[in-house]
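Let me begin by presenting the structure, written as structure tokens, before commenting on it.
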Amino acid sequence: MRAIILKEQGGPENLSITELPTPEPGPADVLVEVHAISINPVDIKTRKGGALYATLKKDEYAILGWDVSGVVKAVGAEVKQFKEGDAVFGMVNFPGHGKAYAEYVVAPAAHLALKPDNCTHAEAAAATLAALTAWQVLVHQAGIQPGQHLLMHAAAGGVGHYAVQIAKHLGATVTGTASAANAGFLQELGVDHVIDYTTVNFEEQVSDVDMVFDPIGGETTRRSIQVLRPGGTLVSIVGGVKDNLSPLFQQKSIKAKNYLVQSSGSDMQQLAELIQQGILRSTISHQFSFDEMDKAHQQIETGKTRGKVVVNVRG
């Protein structure tokens, strides 16, 4: 099979297509013929030597990627929920070695769900790490409730555009930060109030929110403390909650935490049901071929991607 290995940390030129043996599934695994791969900022951070690079380098070949949609080609002896020919999608072995940049991927059955039949493989692959992050933060970490007010930073991005849809489905009011160019897009997704972060300070536009969802970190995390009501919740997915901010959190009794998404087939099934019902949809701004993985990485590195970037392995 063709796979893209990371020869060493550095730029996109270090991603190299090579021929490797097709992997064999273990007893609790499935072998997936990959049709589409989703690309995330963590891919770029890992390629550069951060994030999960040390984990990947422990194996003979470092293969990036965690998000796949494809067709089951073989199942392990213990696998009961999937069979050969099933279309599946999921985030594989995160945080670990997913090895998704390949024509075939071995995935634990517990990390996958059946692909909804009303979306393409590209749309399904997009709705994995980013959508799982949004779901796990809003539902499991923050426990957002109907009538609560969410401030979603980078609302038009990969995680953000899923979080907006999920929060609205759960009955929350949503304020989102984005550039003016994305205001119409966010309003279509249901955002109640769009703040153009390029022209105004968000902390002067909104206050007393119940939850802040932070995919940016740094000063954005610190400034977000001002807009939370006493007892509110802040969840950062980029490590924005630092020890030096603890006194500020304590002053307002804010529940603040960092969170890293985890592979979960049961959560993927929840997302699959929302997609099937038309409640959740993927916005894909850029699609590339397997041979154009470097271009996909370069697009993510702009930091200006609306929705998701997908690489099509077949078709």
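A note on labels: chains of the structure tokens are A, B, ... as shown, every chain counts residues from 1, and ligands are counted from 1 in their shown order.
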Closest pair table for range 100-211 of chain A residues within 10 Å of range 3-11 of chain A, only C-alpha atoms, as JSON lines:
{"residue": "A:Ala100", "atom": "CA", "partner": "A:Ala3", "partner_atom": "CA", "distance": 8.5}
{"residue": "A:Tyr101", "atom": "CA", "partner": "A:Ile4", "partner_atom": "CA", "distance": 5.5}
{"residue": "A:Ala102", "atom": "CA", "partner": "A:Ala3", "partner_atom": "CA", "distance": 4.0}
{"residue": "A:Glu103", "atom": "CA", "partner": "A:Ala3", "partner_atom": "CA", "distance": 6.3}
{"residue": "A:Tyr104", "atom": "CA", "partner": "A:Ala3", "partner_atom": "CA", "distance": 8.3}
{"residue": "A:Val105", "atom": "CA", "partner": "A:Ala3", "partner_atom": "CA", "distance": 9.7}
Go through range 224-269 of chain A and collect every residue that DSSP, computed from the backbone, puts in strand (DSSP E or B); the answer should be as a ChimeraX atom specification.
/A:228-236,255-258
Please report as a tab-separated table every residue of range 59-144 of chain A lying within 8 Å of range 229-241 of chain A, along with the nearest atom pair and their distance in Å (one decimal), using only C-alpha atoms.
residue	atom	partner	partner_atom	distance
A:Val137	CA	A:Val235	CA	7.2
A:Gln141	CA	A:Val235	CA	7.8
A:Ala142	CA	A:Thr233	CA	6.7
Please save C-alpha atoms of the selected residues as a PDB file, in the first residue's frame.
ATOM      1  CA  VAL A 137     -15.841  19.548  25.477  1.00  0.00           C
ATOM      2  CA  GLN A 141     -16.402  18.558  30.075  1.00  0.00           C
ATOM      3  CA  ALA A 142     -18.697  21.597  30.314  1.00  0.00           C
TER       4      ALA A 142
END
Give one line per residue of range 153-221 of chain A that approaches range 264-286 of chain A to at most 9 Å, naming the two atoms of the closest pair and their distance in Å to one decimal, counting only C-alpha atoms; sort by chain then ascending residue number and deliver it as a tab-separated table.
residue	atom	partner	partner_atom	distance
A:Gly158	CA	A:Thr283	CA	8.4
A:His161	CA	A:Thr283	CA	8.0
A:Tyr162	CA	A:Leu280	CA	7.2
A:Gln165	CA	A:Leu280	CA	6.2
A:Ile166	CA	A:Leu280	CA	7.2
A:His169	CA	A:Ile279	CA	7.2
Save out the residues we just selected, N, CA and C atoms, as a short mmCIF file (atom, residue, chain, number, x, y, z; two decimals), in the first residue's frame.
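Wrote it out as part.cif, contents follow:
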data_model
loop_
_atom_site.label_atom_id
_atom_site.label_comp_id
_atom_site.auth_asym_id
_atom_site.auth_seq_id
_atom_site.Cartn_x
_atom_site.Cartn_y
_atom_site.Cartn_z
N GLY A 158 -12.23 24.64 12.23
CA GLY A 158 -12.60 23.23 12.24
C GLY A 158 -13.41 22.84 13.45
N HIS A 161 -16.75 25.39 14.04
CA HIS A 161 -18.01 25.31 13.28
C HIS A 161 -18.84 24.10 13.69
N TYR A 162 -18.18 23.05 14.21
CA TYR A 162 -18.94 21.93 14.77
C TYR A 162 -19.51 22.31 16.14
N GLN A 165 -22.72 24.30 15.93
CA GLN A 165 -23.90 23.50 15.58
C GLN A 165 -24.36 22.65 16.75
N ILE A 166 -23.41 22.05 17.47
CA ILE A 166 -23.77 21.20 18.61
C ILE A 166 -24.38 22.03 19.72
N HIS A 169 -27.88 23.01 18.87
CA HIS A 169 -28.74 21.83 18.99
C HIS A 169 -29.09 21.56 20.45
#
Distance criterion (only C-alpha atoms): nearest to Glu33 in chain A out of A:Thr305, A:Thr220, A:Ser16, A:Ser69
A:Ser69
Which residues, written as a ChimeraX atom specification, have at least one atom at most 12 Å from Ala181 in chain A, with only C-alpha atoms counted and residues fewer than 3 positions away on the same chain left out?
/A:156,177-178,184-187,194-198,304-306
Could you list, as a PyMOL selection string, every residue within 12 Å of Lys48 in chain A, counting only C-alpha atoms and ignoring same-chain residues fewer than 4 positions away?
chain A and resi 6-15+41-44+52-54+64+297+301
Spatial neighbours of Leu245 in chain A, max dist 10 Å, only C-alpha atoms, sep filter under 5 positions, as a ChimeraX atom specification:
/A:221-222,225,240,250,256
Give me, as JSON, numbers by chain, all polymer residues having an atom no more than 8 Å from Pro21 in chain A, counting only C-alpha atoms and skipping those fewer than 2 positions away in the same chain.
{"A": [1, 19, 23]}
Between A:Val32, A:Ile39, A:Val191, A:Ala167, which one has atoms that come closest to Ala87 in chain A, using only C-alpha atoms?
A:Val32
Interatomic distance between CA of Ala51 in chain A and CA of Val106 in chain A?
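So the two atoms, CA of Ala51 in chain A and CA of Val106 in chain A, lie 22.0 Å apart.
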Taking 3 positions as the minimum chain separation for residues in the same chain, which residues sit within 12 Å of Ala172 in chain A when counting only C-alpha atoms? Answer as a PDB file with C-alpha atoms, in the first residue's frame.
ATOM      1  CA  LEU A 138     -19.438  20.752  25.345  1.00  0.00           C
ATOM      2  CA  VAL A 139     -21.145  17.588  26.586  1.00  0.00           C
ATOM      3  CA  GLY A 143     -22.104  19.930  30.455  1.00  0.00           C
ATOM      4  CA  ILE A 144     -23.665  22.826  28.572  1.00  0.00           C
ATOM      5  CA  GLN A 145     -27.396  23.232  29.203  1.00  0.00           C
ATOM      6  CA  PRO A 146     -30.331  24.779  27.326  1.00  0.00           C
ATOM      7  CA  GLY A 147     -30.450  28.527  27.817  1.00  0.00           C
ATOM      8  CA  GLN A 148     -26.776  28.899  28.664  1.00  0.00           C
ATOM      9  CA  HIS A 149     -24.537  31.319  26.783  1.00  0.00           C
ATOM     10  CA  LEU A 150     -21.399  30.066  25.003  1.00  0.00           C
ATOM     11  CA  LEU A 151     -18.564  32.216  23.702  1.00  0.00           C
ATOM     12  CA  MET A 152     -16.864  30.235  20.929  1.00  0.00           C
ATOM     13  CA  ALA A 163     -19.148  23.360  18.290  1.00  0.00           C
ATOM     14  CA  VAL A 164     -21.539  26.062  17.109  1.00  0.00           C
ATOM     15  CA  GLN A 165     -23.900  23.503  15.581  1.00  0.00           C
ATOM     16  CA  ILE A 166     -23.766  21.197  18.607  1.00  0.00           C
ATOM     17  CA  ALA A 167     -24.292  24.033  21.092  1.00  0.00           C
ATOM     18  CA  LYS A 168     -27.297  25.343  19.161  1.00  0.00           C
ATOM     19  CA  HIS A 169     -28.745  21.834  18.991  1.00  0.00           C
ATOM     20  CA  THR A 175     -21.563  34.219  20.466  1.00  0.00           C
ATOM     21  CA  GLY A 190     -27.014  29.601  13.879  1.00  0.00           C
ATOM     22  CA  VAL A 191     -24.594  31.888  15.723  1.00  0.00           C
ATOM     23  CA  ASP A 192     -26.617  34.513  17.577  1.00  0.00           C
ATOM     24  CA  VAL A 209     -21.330  34.094  29.537  1.00  0.00           C
ATOM     25  CA  ASP A 210     -21.658  30.637  31.046  1.00  0.00           C
ATOM     26  CA  MET A 211     -18.875  29.025  29.037  1.00  0.00           C
TER      27      MET A 211
END
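The coordinates place CA of Val92 in chain A at 17.7 Å from CA of Lys45 in chain A.
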Which of A:Asn118, A:Thr173, A:Ser263, A:Thr133 sits closest to His193 in chain A [using only C-alpha atoms]:
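Result for the nearest residue to His193 in chain A: A:Thr173.
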Given the choices A:Ala134, A:Ala109, A:Val68, A:Val227, which gets closest to Tyr259 in chain A if the distance is worked out from only C-alpha atoms?
A:Ala134
Please, what distance in Å, to one decimal, runs between CA of Asp214 in chain A and CA of Ala126 in chain A?
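Interatomic distance here is 20.0 Å.
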Write down as JSON, numbers by chain the residues belonging to range 203-251 of chain A that are assigned alpha helix (DSSP H) by DSSP computed on the backbone.
{"A": [219, 220, 221, 222, 223, 224, 246, 247, 248, 249, 250, 251]}
